[in-house]
$ cat work.cif   # mmCIF, C-alpha atoms and all ligand atoms
data_start
#
loop_
_atom_site.label_atom_id
_atom_site.label_comp_id
_atom_site.auth_asym_id
_atom_site.auth_seq_id
_atom_site.Cartn_x
_atom_site.Cartn_y
_atom_site.Cartn_z
CA MET A 6 108.14 102.59 98.15
CA ASN A 7 109.47 99.73 100.25
CA ILE A 8 107.57 96.67 99.06
CA LEU A 9 107.25 93.19 100.54
CA VAL A 10 107.02 90.66 97.71
CA SER A 11 105.83 87.22 98.76
CA GLY A 12 106.77 84.53 96.25
CA GLY A 13 109.38 86.91 94.83
CA THR A 14 111.80 84.20 93.70
CA GLY A 15 109.04 82.55 91.63
CA TYR A 16 108.32 83.01 87.95
CA ILE A 17 106.12 86.13 87.93
CA GLY A 18 107.49 87.40 91.25
CA SER A 19 111.11 87.52 90.06
CA HIS A 20 110.19 89.48 86.92
CA THR A 21 108.14 91.87 89.02
CA VAL A 22 111.02 92.39 91.45
CA VAL A 23 113.21 93.37 88.47
CA GLU A 24 110.62 95.92 87.29
CA LEU A 25 110.05 97.29 90.81
CA ILE A 26 113.79 97.89 91.21
CA ALA A 27 113.95 99.50 87.75
CA ALA A 28 111.15 101.85 88.83
CA GLY A 29 113.14 102.90 91.91
CA HIS A 30 111.41 100.85 94.63
CA SER A 31 113.07 98.80 97.39
CA VAL A 32 112.10 95.17 97.65
CA VAL A 33 112.08 92.59 100.42
CA ILE A 34 111.30 89.05 99.29
CA VAL A 35 109.75 86.30 101.35
CA ASP A 36 109.59 82.84 99.79
CA ASN A 37 109.72 79.27 101.15
CA LEU A 38 111.42 78.08 97.92
CA VAL A 39 108.87 75.28 97.48
CA ASN A 40 108.75 76.10 93.75
CA SER A 41 111.76 78.33 93.13
CA LYS A 42 115.48 78.47 93.70
CA ILE A 43 117.69 80.69 95.83
CA GLU A 44 119.96 81.29 92.79
CA THR A 45 117.21 83.49 91.35
CA LEU A 46 118.41 86.22 93.73
CA ASP A 47 121.81 86.31 91.99
CA LYS A 48 120.08 86.48 88.62
CA ILE A 49 117.91 89.38 89.79
CA GLU A 50 121.12 91.10 90.92
CA LYS A 51 122.77 90.48 87.53
CA ILE A 52 119.84 92.08 85.73
CA SER A 53 119.05 94.94 88.08
CA GLY A 54 122.30 95.56 89.94
CA VAL A 55 120.51 95.10 93.26
CA LYS A 56 120.26 91.98 95.41
CA PRO A 57 116.98 92.22 97.31
CA THR A 58 116.76 91.35 100.99
CA PHE A 59 115.48 87.78 101.21
CA TYR A 60 113.74 85.76 103.93
CA HIS A 61 113.39 82.01 103.55
CA VAL A 62 110.06 81.88 105.36
CA ASP A 63 106.69 80.22 104.77
CA CYS A 64 103.79 82.68 104.62
CA THR A 65 101.63 80.26 106.62
CA ASP A 66 103.96 80.79 109.60
CA LEU A 67 102.44 83.88 111.18
CA ASP A 68 105.13 84.40 113.84
CA LYS A 69 108.02 84.23 111.40
CA ILE A 70 106.28 86.55 108.96
CA GLU A 71 105.50 88.99 111.75
CA ALA A 72 109.18 89.05 112.67
CA ILE A 73 109.85 90.46 109.17
CA PHE A 74 107.22 93.18 109.66
CA LYS A 75 108.97 94.13 112.91
CA LEU A 76 112.30 94.58 111.11
CA HIS A 77 111.04 96.62 108.13
CA THR A 78 108.54 99.37 107.40
CA PHE A 79 106.58 98.49 104.28
CA ASP A 80 104.51 100.78 102.08
CA GLY A 81 102.95 97.91 100.18
CA ILE A 82 102.71 94.16 99.73
CA ILE A 83 102.57 92.22 96.47
CA HIS A 84 101.38 88.73 97.30
CA PHE A 85 102.41 86.09 94.75
CA ALA A 86 103.16 83.19 97.13
CA GLY A 87 100.92 80.26 96.40
CA LEU A 88 100.70 76.78 94.97
CA LYS A 89 99.42 76.86 91.39
CA ALA A 90 99.20 73.42 89.80
CA VAL A 91 95.55 72.92 88.88
CA GLY A 92 95.71 69.09 88.62
CA GLU A 93 97.68 68.71 91.85
CA SER A 94 95.09 70.85 93.65
CA VAL A 95 92.46 68.24 92.82
CA THR A 96 94.53 65.45 94.38
CA ILE A 97 95.70 67.36 97.50
CA PRO A 98 92.96 69.96 98.05
CA LEU A 99 93.67 70.58 101.74
CA ALA A 100 97.31 71.45 101.02
CA TYR A 101 96.12 74.03 98.47
CA TYR A 102 93.38 75.53 100.65
CA TYR A 103 95.75 75.68 103.63
CA ASN A 104 98.74 77.13 101.80
CA ASN A 105 96.97 79.66 99.65
CA LEU A 106 94.29 80.85 102.06
CA VAL A 107 96.36 80.95 105.26
CA SER A 108 99.11 82.87 103.40
CA THR A 109 96.58 85.46 102.24
CA ILE A 110 94.99 85.72 105.69
CA ASN A 111 98.33 86.06 107.50
CA LEU A 112 99.63 88.78 105.20
CA SER A 113 96.33 90.69 105.38
CA GLN A 114 96.28 90.51 109.19
CA LEU A 115 99.81 91.83 109.37
CA ALA A 116 99.06 94.52 106.79
CA LEU A 117 96.29 95.81 109.07
CA LYS A 118 98.36 95.50 112.24
CA TYR A 119 101.40 97.29 110.78
CA LYS A 120 99.35 99.76 108.70
CA VAL A 121 100.63 98.63 105.32
CA ASN A 122 97.84 100.08 103.23
CA LYS A 123 98.55 98.82 99.72
CA PHE A 124 98.02 95.15 98.94
CA VAL A 125 98.28 93.67 95.44
CA PHE A 126 97.06 90.11 94.93
CA SER A 127 97.76 87.57 92.17
CA SER A 128 94.42 86.26 91.01
CA SER A 129 93.59 84.39 87.84
CA ALA A 130 91.22 84.50 84.91
CA THR A 131 90.12 81.08 86.12
CA VAL A 132 87.68 82.86 88.50
CA TYR A 133 85.48 83.74 85.50
CA GLY A 134 84.78 80.08 84.81
CA ASP A 135 83.20 79.27 81.47
CA GLN A 136 81.24 82.24 80.17
CA LYS A 137 81.10 84.52 77.18
CA VAL A 138 84.43 85.98 76.08
CA PRO A 139 85.95 88.52 76.43
CA PHE A 140 85.90 88.42 80.23
CA SER A 141 85.43 91.81 81.89
CA GLU A 142 85.93 92.68 85.53
CA ASP A 143 82.25 93.36 86.21
CA MET A 144 81.17 89.84 85.23
CA ALA A 145 79.95 87.49 87.94
CA LEU A 146 82.49 84.94 89.10
CA LEU A 147 81.50 81.34 88.42
CA PRO A 148 82.55 78.29 90.44
CA THR A 149 85.81 76.91 89.09
CA THR A 150 86.46 73.25 88.39
CA ASN A 151 89.29 72.83 90.90
CA PRO A 152 90.47 73.77 94.43
CA TYR A 153 93.26 76.00 93.05
CA GLY A 154 90.71 78.19 91.31
CA GLU A 155 88.58 78.29 94.44
CA THR A 156 91.55 79.53 96.50
CA LYS A 157 91.79 82.48 94.10
CA ALA A 158 88.06 83.30 94.30
CA MET A 159 88.11 82.91 98.12
CA SER A 160 91.25 85.04 98.51
CA GLU A 161 89.60 87.76 96.42
CA ARG A 162 86.59 87.64 98.73
CA ILE A 163 88.72 87.73 101.89
CA LEU A 164 90.57 90.80 100.61
CA ARG A 165 87.43 92.59 99.39
CA ASP A 166 85.65 92.02 102.73
CA THR A 167 88.70 93.20 104.65
CA ALA A 168 89.07 96.35 102.55
CA SER A 169 85.38 97.19 102.85
CA VAL A 170 85.62 97.64 106.65
CA ASN A 171 89.18 98.98 106.94
CA LYS A 172 89.05 102.23 105.07
CA ASP A 173 92.79 102.81 104.82
CA PHE A 174 93.50 99.31 103.49
CA HIS A 175 93.49 99.33 99.68
CA VAL A 176 93.52 96.19 97.60
CA SER A 177 94.33 95.64 93.95
CA ILE A 178 93.22 92.28 92.58
CA LEU A 179 95.00 91.35 89.36
CA ARG A 180 93.45 88.61 87.27
CA TYR A 181 96.17 87.20 85.06
CA PHE A 182 95.40 85.48 81.82
CA ASN A 183 98.14 83.14 80.53
CA PRO A 184 101.62 84.37 81.49
CA VAL A 185 104.41 83.06 79.26
CA GLY A 186 107.86 84.16 78.07
CA ALA A 187 110.94 85.14 80.03
CA HIS A 188 113.25 88.07 80.68
CA SER A 189 115.10 89.11 77.50
CA SER A 190 118.44 88.43 79.27
CA GLY A 191 117.59 84.71 79.32
CA LEU A 192 118.45 84.65 83.03
CA ILE A 193 115.00 84.27 84.59
CA GLY A 194 111.96 82.46 83.25
CA GLU A 195 109.95 79.33 83.88
CA SER A 196 111.13 75.80 83.41
CA PRO A 197 109.12 73.45 85.61
CA ASN A 198 110.58 70.17 86.82
CA GLY A 199 109.01 67.01 85.42
CA ILE A 200 106.28 66.99 82.82
CA PRO A 201 104.76 70.47 82.45
CA ASN A 202 101.00 70.97 82.71
CA ASN A 203 100.89 74.19 80.73
CA LEU A 204 101.19 74.65 77.00
CA MET A 205 104.23 76.92 76.58
CA PRO A 206 106.45 75.03 79.06
CA TYR A 207 105.47 71.81 77.27
CA ILE A 208 106.36 73.27 73.87
CA GLN A 209 109.74 74.45 75.18
CA LYS A 210 110.54 70.93 76.46
CA VAL A 211 109.60 69.41 73.11
CA ALA A 212 111.73 72.05 71.37
CA ASN A 213 114.83 71.04 73.31
CA LYS A 214 113.99 67.34 72.90
CA LYS A 215 113.32 66.63 76.58
CA LEU A 216 109.86 65.47 75.53
CA PRO A 217 109.10 63.79 72.20
CA ILE A 218 105.77 65.27 71.10
CA LEU A 219 103.12 67.78 72.13
CA SER A 220 99.62 66.49 72.80
CA VAL A 221 97.01 69.01 71.68
CA TYR A 222 94.01 68.56 73.97
CA GLY A 223 91.10 68.52 71.56
CA ASN A 224 90.41 70.07 68.16
CA ASP A 225 86.62 70.01 68.36
CA TYR A 226 86.01 73.13 70.44
CA ASP A 227 83.80 75.91 69.15
CA THR A 228 86.81 78.03 68.16
CA PRO A 229 88.15 79.02 64.71
CA ASP A 230 90.50 76.01 64.39
CA GLY A 231 88.85 73.81 67.02
CA THR A 232 91.71 74.05 69.56
CA GLY A 233 91.54 75.93 72.85
CA VAL A 234 91.87 79.72 72.72
CA ARG A 235 93.76 81.64 75.43
CA ASP A 236 95.13 85.11 76.05
CA TYR A 237 98.92 84.79 76.32
CA ILE A 238 100.72 87.63 78.03
CA HIS A 239 104.48 88.21 78.19
CA VAL A 240 105.63 87.96 81.80
CA VAL A 241 107.54 91.28 81.54
CA ASP A 242 104.37 93.12 80.47
CA LEU A 243 102.59 91.41 83.36
CA ALA A 244 105.35 92.44 85.79
CA LYS A 245 105.04 96.08 84.67
CA GLY A 246 101.31 95.90 85.39
CA HIS A 247 102.12 95.19 89.04
CA VAL A 248 104.33 98.27 89.33
CA LEU A 249 101.51 100.48 88.03
CA ALA A 250 98.89 98.68 90.13
CA ILE A 251 100.73 99.38 93.38
CA GLU A 252 101.84 102.90 92.44
CA LYS A 253 98.34 103.97 91.39
CA LEU A 254 96.32 102.14 94.05
CA VAL A 255 93.88 104.68 95.56
CA ASP A 256 90.45 103.02 95.73
CA PRO A 257 89.49 100.54 98.46
CA VAL A 258 89.21 97.70 95.94
CA GLU A 259 90.48 97.75 92.38
CA ILE A 260 90.17 94.75 90.08
CA TYR A 261 92.03 94.48 86.79
CA ASN A 262 92.34 91.93 84.05
CA LEU A 263 95.95 91.66 82.94
CA GLY A 264 95.84 90.18 79.47
CA SER A 265 96.51 91.26 75.91
CA GLY A 266 92.87 91.07 74.86
CA ASP A 267 93.76 88.71 71.99
CA GLY A 268 92.64 85.10 71.77
CA VAL A 269 95.26 82.69 70.40
CA SER A 270 94.63 79.02 69.69
CA VAL A 271 96.91 76.12 70.62
CA LEU A 272 97.85 75.64 66.97
CA GLU A 273 98.50 79.36 66.51
CA LEU A 274 100.87 79.40 69.48
CA LEU A 275 102.61 76.30 68.17
CA THR A 276 103.06 77.90 64.74
CA ALA A 277 104.31 81.15 66.28
CA PHE A 278 106.93 79.20 68.26
CA GLU A 279 108.04 77.36 65.13
CA THR A 280 108.28 80.60 63.14
CA ALA A 281 110.02 82.60 65.85
CA ASN A 282 112.65 79.96 66.59
CA LYS A 283 112.83 77.98 63.34
CA ILE A 284 112.21 74.70 65.15
CA GLU A 285 109.62 72.13 64.23
CA ILE A 286 107.37 71.01 67.08
CA PRO A 287 105.84 67.58 66.47
CA TYR A 288 102.28 67.28 67.79
CA LYS A 289 99.30 64.96 67.86
CA ILE A 290 95.64 65.68 68.54
CA VAL A 291 94.31 63.83 71.61
CA ASP A 292 91.12 63.99 73.70
CA ARG A 293 90.08 67.15 75.49
CA ARG A 294 91.60 67.67 78.97
CA ALA A 295 89.01 67.51 81.77
CA GLY A 296 88.07 70.93 83.14
CA ASP A 297 89.31 72.95 80.12
CA ILE A 298 87.13 75.61 78.55
CA ALA A 299 87.05 76.52 74.86
CA SER A 300 88.01 80.19 75.09
CA SER A 301 89.43 82.58 77.64
CA TYR A 302 90.58 86.08 76.79
CA ALA A 303 90.45 89.46 78.44
CA ASP A 304 88.64 92.68 77.94
CA ALA A 305 91.80 94.53 78.97
CA SER A 306 90.39 98.06 78.53
CA LYS A 307 89.97 98.87 82.24
CA ALA A 308 93.69 98.45 83.04
CA TYR A 309 94.48 100.76 80.13
CA LYS A 310 91.91 103.38 81.15
CA LYS A 311 92.77 103.44 84.86
CA LEU A 312 96.44 102.46 84.97
CA GLY A 313 97.62 103.37 81.49
CA TRP A 314 98.77 99.77 81.16
CA LYS A 315 98.71 97.66 78.04
CA THR A 316 100.84 94.90 76.62
CA HIS A 317 103.73 95.74 74.29
CA LYS A 318 105.36 92.39 73.60
CA THR A 319 104.15 90.24 70.72
CA LEU A 320 103.49 86.52 70.49
CA ILE A 321 106.80 86.23 68.63
CA ASP A 322 108.62 87.99 71.52
CA MET A 323 107.01 85.52 73.95
CA CYS A 324 108.20 82.55 71.87
CA LYS A 325 111.71 83.91 71.29
CA ASP A 326 112.28 84.80 74.95
CA THR A 327 110.92 81.45 76.12
CA TRP A 328 113.35 79.59 73.87
CA LYS A 329 116.30 81.80 74.80
CA PHE A 330 115.64 81.05 78.47
CA GLU A 331 115.17 77.32 77.86
CA LYS A 332 118.42 77.08 75.88
CA SER A 333 120.45 79.01 78.43
CA ASN A 334 119.09 76.88 81.29
CA LYS A 335 119.57 73.44 79.77
P1 LIG A 401 105.65 80.20 91.04
O1 LIG A 401 105.36 78.86 91.62
O2 LIG A 401 106.79 80.33 90.10
O3 LIG A 401 105.84 81.28 92.19
C1 LIG A 401 105.19 81.19 93.44
C2 LIG A 401 106.25 81.34 94.51
O4 LIG A 401 105.61 81.27 95.79
C3 LIG A 401 107.31 80.25 94.47
O5 LIG A 401 108.59 80.84 94.50
C4 LIG A 401 107.04 79.43 95.73
O6 LIG A 401 108.24 78.88 96.24
C5 LIG A 401 106.41 80.45 96.64
N1 LIG A 401 105.49 79.93 97.66
C6 LIG A 401 104.45 79.07 97.51
N2 LIG A 401 103.83 78.90 98.69
C7 LIG A 401 104.49 79.66 99.60
C8 LIG A 401 104.33 79.90 100.99
N3 LIG A 401 103.37 79.30 101.71
N4 LIG A 401 105.19 80.74 101.59
C9 LIG A 401 106.19 81.35 100.90
N5 LIG A 401 106.39 81.16 99.59
C10 LIG A 401 105.54 80.32 98.94
O7 LIG A 401 104.30 80.71 90.37
P2 LIG A 401 104.02 81.97 89.45
O8 LIG A 401 103.65 81.49 88.10
O9 LIG A 401 105.09 82.97 89.60
O10 LIG A 401 102.68 82.50 90.11
C11 LIG A 401 102.67 83.54 91.07
C12 LIG A 401 101.25 83.77 91.54
O11 LIG A 401 100.43 84.07 90.42
C13 LIG A 401 100.62 82.54 92.20
O12 LIG A 401 99.79 82.97 93.26
C14 LIG A 401 99.78 81.96 91.09
O13 LIG A 401 98.69 81.22 91.59
C15 LIG A 401 99.32 83.21 90.36
N6 LIG A 401 98.93 82.96 88.96
C16 LIG A 401 99.82 82.36 88.12
C17 LIG A 401 99.44 82.10 86.81
C18 LIG A 401 100.39 81.41 85.86
O14 LIG A 401 99.92 80.88 84.85
N7 LIG A 401 101.69 81.35 86.12
C19 LIG A 401 98.16 82.46 86.34
C20 LIG A 401 97.31 83.10 87.22
C21 LIG A 401 97.70 83.35 88.54
N1 LIG A 402 97.14 72.48 76.08
C1 LIG A 402 97.45 71.49 75.17
N2 LIG A 402 98.48 70.65 75.46
C2 LIG A 402 99.23 70.75 76.60
C3 LIG A 402 98.90 71.78 77.52
C4 LIG A 402 97.85 72.62 77.23
O1 LIG A 402 96.81 71.36 74.15
O2 LIG A 402 100.15 69.94 76.79
C5 LIG A 402 96.05 73.43 75.75
C6 LIG A 402 94.94 73.46 76.77
O3 LIG A 402 93.98 72.48 76.47
C7 LIG A 402 94.43 74.89 76.63
C8 LIG A 402 95.68 75.69 76.26
O4 LIG A 402 96.61 74.73 75.77
O5 LIG A 402 93.52 74.98 75.55
C9 LIG A 402 96.31 76.40 77.44
O6 LIG A 402 96.50 75.48 78.51
P1 LIG A 402 97.41 75.86 79.78
O7 LIG A 402 97.44 74.65 80.66
O8 LIG A 402 98.70 76.42 79.33
O9 LIG A 402 96.61 77.05 80.46
P2 LIG A 402 95.13 77.11 81.06
O10 LIG A 402 94.44 78.25 80.39
O11 LIG A 402 94.45 75.81 81.04
O12 LIG A 402 95.42 77.44 82.60
C10 LIG A 402 96.28 78.50 82.98
C11 LIG A 402 96.86 78.23 84.35
C12 LIG A 402 95.80 78.31 85.39
C13 LIG A 402 95.08 79.58 85.31
C14 LIG A 402 94.55 79.80 83.92
C15 LIG A 402 93.94 81.17 83.80
O13 LIG A 402 97.44 76.93 84.38
O14 LIG A 402 96.42 78.25 86.66
O15 LIG A 402 95.62 79.71 82.98
O16 LIG A 402 94.82 82.12 84.25
F1 LIG A 402 94.06 79.56 86.19
#
$ encode --input "work.cif" --output "structure tokens"
Amino acid sequence: MNILVSGGTGYIGSHTVVELIAAGHSVVIVDNLVNSKIETLDKIEKISGVKPTFYHVDCTDLDKIEAIFKLHTFDGIIHFAGLKAVGESVTIPLAYYYNNLVSTINLSQLALKYKVNKFVFSSSATVYGDQKVPFSEDMALLPTTNPYGETKAMSERILRDTASVNKDFHVSILRYFNPVGAHSSGLIGESPNGIPNNLMPYIQKVANKKLPILSVYGNDYDTPDGTGVRDYIHVVDLAKGHVLAIEKLVDPVEIYNLGSGDGVSVLELLTAFETANKIEIPYKIVDRRAGDIASSYADASKAYKKLGWKTHKTLIDMCKDTWKFEKSNK
């Protein structure tokens, strides 16, 4: 297949591009580089032997995106492009609604116009809100606590409504749990600028002494050790899920959780990182972070049944690969 990957120089996008190429697909990337670097293309080439065609274009710019559809014939679209910082979305909601929703609308409109019938969308476990774990795809979606989460729920709705009246247009909605880790080459991964919001990037900055100490947000949750429980998934396993999702997309709307199905606490992840890399991570317990829930993990059985997909990498792999990437990108 010839696949348009929006956000393909980003964290999950770049790993997915590598797996798409390995599976024999051609890739065209569109990214405005608001949260990624052009050098990622060279790294993708080093890993896969192929430098994908790249357009430095914003997905909210309908005319410029359409120009790309005029130059290429696509069999499918994988739409990663979006802003993703939960806290920032609370302070600049309009920027988040505009960027994430207009990008989804533009790409869907062009998919219909140019008869690109396979559309895979990056959603998030955040759409489940706070309900009983494990989360399964047939559960009702609950309002999220932030505009970022709402853009995911709204984009899902836009795509479902569009697919329901355009019978050739097939949509796969992938709800990611907590992607972490990096490519085993150490070439691509995630290392946000400034102070990270998420747990693994924070741990990796403490490990290389860019930050002094990890704050653990609360140890009084109703979880085995009192700290928040999440379902961490290695980004390479996640990337492989996208390849299967687009290759096997046949129903009008398919929705899959992409997670390991295992709940891991903050302290368990911290200990795994220490064990995997033989580095001590200093930490202190602080107040809960506003908007956090106690537990989030997947019922991942549907993706296994329908796509034959499951995770293979362990928590130790996630910690080792994260540290390898952090060290090689100091
Ligand atoms: P990322 O920021 O590394 O990648 C997103 C990419 O999209 C970046 O390269 C950015 O430059 C680009 N982009 C943003 N807005 C754009 C626009 N208007 N036009 C063109 N390019 C644009 O993030 P990621 O972690 O790789 O996430 C990819 C997708 O998965 C996002 O939609 C995100 O919301 C979703 N997601 C991520 C997580 C996670 O924890 N990383 C969890 C659930 C869902
Ligand atoms: N945590 C800490 N200290 C930190 C950062 C996080 O203790 O410095 C804790 C949190 O309280 C939580 C756990 O670590 O219990 C995981 O937090 P993350 O910020 O890494 O991840 P979240 O589950 O809160 O959110 C992430 C993404 C969202 C996405 C959600 C579900 O940031 O965009 O997963 O996919 F919606």
$ residues_near_ligand --input "work.cif" --ligand "ligand LIG 402 (chain A)" --cutoff "8 Å" --atoms "only C-alpha atoms and all ligand atoms" --output "PyMOL selection string"
chain A and resi 89-91+128-132+153-154+180-184+201-208+219-223+232-235+270-271+293-294+297-301
$ residues_near_ligand --input "work.cif" --ligand "ligand LIG 401 (chain A)" --cutoff "7 Å" --atoms "only C-alpha atoms and all ligand atoms" --output "JSON, numbers by chain"
{"A": [11, 12, 13, 14, 15, 16, 17, 18, 35, 36, 37, 38, 39, 40, 41, 62, 63, 64, 65, 85, 86, 87, 88, 89, 104, 105, 108, 127, 128, 129, 130, 180, 181, 182, 183, 184]}
$ atom_distance --input "work.cif" --atom1 "atom CA of Leu179 of chain A" --atom2 "atom CA of Glu259 of chain A"
8.4 Å
$ closest_residue --input "work.cif" --among "A:Cys324, A:Val23, A:Met6, A:Val176" --to "Thr276 of chain A" --atoms "all atoms listed in the file"
A:Cys324
$ atom_distance --input "work.cif" --atom1 "atom CA of Thr327 of chain A" --atom2 "atom CA of Gly186 of chain A"
4.5 Å
$ atom_distance --input "work.cif" --atom1 "atom CA of Gly296 of chain A" --atom2 "atom CA of Tyr226 of chain A"
13.1 Å
$ closest_residue --input "work.cif" --among "A:Ile321, A:Ala303, A:Val241, A:Ile290" --to "Leu274 of chain A" --atoms "all atoms listed in the file"
A:Ile321
$ residues_around --input "work.cif" --residues "Lys332 of chain A" --least-positions-apart "3" --cutoff "9 Å" --atoms "all atoms listed in the file" --output "number ranges by chain"
A: 191, 213, 327-329, 335
$ closest_residue --input "work.cif" --among "A:Val33, A:Ala212, A:Leu106, A:Val248" --to "Leu76 of chain A" --atoms "all atoms listed in the file"
A:Val33
$ closest_residue --input "work.cif" --among "A:Phe140, A:Tyr133, A:Tyr103, A:Phe126" --to "Pro152 of chain A" --atoms "all atoms listed in the file"
A:Tyr103
$ residues_around --input "work.cif" --residues "Lys56 of chain A" --least-positions-apart "2" --cutoff "7 Å" --atoms "all atoms listed in the file" --output "list in words"
Leu46, Asp47, Ile49, Glu50, Gly54 and Thr58 of chain A
$ residues_around --input "work.cif" --residues "Lys311 of chain A" --least-positions-apart "6" --cutoff "12 Å" --atoms "all atoms listed in the file" --output "list in words"
Gly246, Leu249, Ala250, Glu252, Lys253, Leu254, Val255, Asp256, Glu259, Ile260, Tyr261, Asn262 and Ala305 of chain A
$ build_atoms --input "work.cif" --residues "segment 169-190 of chain A" --atoms "N, CA and C atoms" --output "short mmCIF file (atom, residue, chain, number, x, y, z; two decimals), in the coordinates of the input"
data_model
loop_
_atom_site.label_atom_id
_atom_site.label_comp_id
_atom_site.auth_asym_id
_atom_site.auth_seq_id
_atom_site.Cartn_x
_atom_site.Cartn_y
_atom_site.Cartn_z
N SER A 169 86.64 96.45 102.73
CA SER A 169 85.38 97.19 102.85
C SER A 169 85.16 97.72 104.28
N VAL A 170 85.81 97.14 105.28
CA VAL A 170 85.62 97.64 106.65
C VAL A 170 86.88 98.27 107.24
N ASN A 171 87.94 98.32 106.47
CA ASN A 171 89.18 98.98 106.94
C ASN A 171 89.54 100.04 105.92
N LYS A 172 89.08 101.26 106.17
CA LYS A 172 89.05 102.23 105.07
C LYS A 172 90.42 102.65 104.55
N ASP A 173 91.47 102.45 105.33
CA ASP A 173 92.79 102.81 104.82
C ASP A 173 93.45 101.69 104.01
N PHE A 174 92.89 100.50 104.12
CA PHE A 174 93.50 99.31 103.49
C PHE A 174 92.99 99.18 102.05
N HIS A 175 93.89 99.34 101.09
CA HIS A 175 93.49 99.33 99.68
C HIS A 175 94.04 98.09 98.99
N VAL A 176 93.17 97.47 98.22
CA VAL A 176 93.52 96.19 97.60
C VAL A 176 93.40 96.27 96.08
N SER A 177 94.41 95.76 95.41
CA SER A 177 94.33 95.64 93.95
C SER A 177 94.37 94.15 93.60
N ILE A 178 93.32 93.69 92.97
CA ILE A 178 93.22 92.28 92.58
C ILE A 178 93.53 92.19 91.09
N LEU A 179 94.59 91.45 90.76
CA LEU A 179 95.00 91.35 89.36
C LEU A 179 94.67 89.96 88.85
N ARG A 180 93.83 89.91 87.84
CA ARG A 180 93.45 88.61 87.27
C ARG A 180 94.29 88.36 86.02
N TYR A 181 95.27 87.47 86.18
CA TYR A 181 96.17 87.20 85.06
C TYR A 181 95.51 86.25 84.09
N PHE A 182 95.80 86.46 82.83
CA PHE A 182 95.40 85.48 81.82
C PHE A 182 96.55 84.47 81.70
N ASN A 183 97.15 84.23 80.58
CA ASN A 183 98.14 83.14 80.53
C ASN A 183 99.56 83.68 80.41
N PRO A 184 100.26 83.83 81.53
CA PRO A 184 101.62 84.37 81.49
C PRO A 184 102.59 83.39 80.84
N VAL A 185 103.38 83.88 79.92
CA VAL A 185 104.41 83.06 79.26
C VAL A 185 105.62 83.96 79.00
N GLY A 186 106.69 83.37 78.42
CA GLY A 186 107.86 84.16 78.07
C GLY A 186 108.83 84.24 79.24
N ALA A 187 109.86 85.05 79.05
CA ALA A 187 110.94 85.14 80.03
C ALA A 187 111.62 86.49 79.85
N HIS A 188 112.49 86.82 80.79
CA HIS A 188 113.25 88.07 80.68
C HIS A 188 114.16 87.99 79.45
N SER A 189 114.33 89.13 78.75
CA SER A 189 115.10 89.11 77.50
C SER A 189 116.57 88.75 77.72
N SER A 190 117.05 88.84 78.96
CA SER A 190 118.44 88.43 79.27
C SER A 190 118.61 86.91 79.20
#
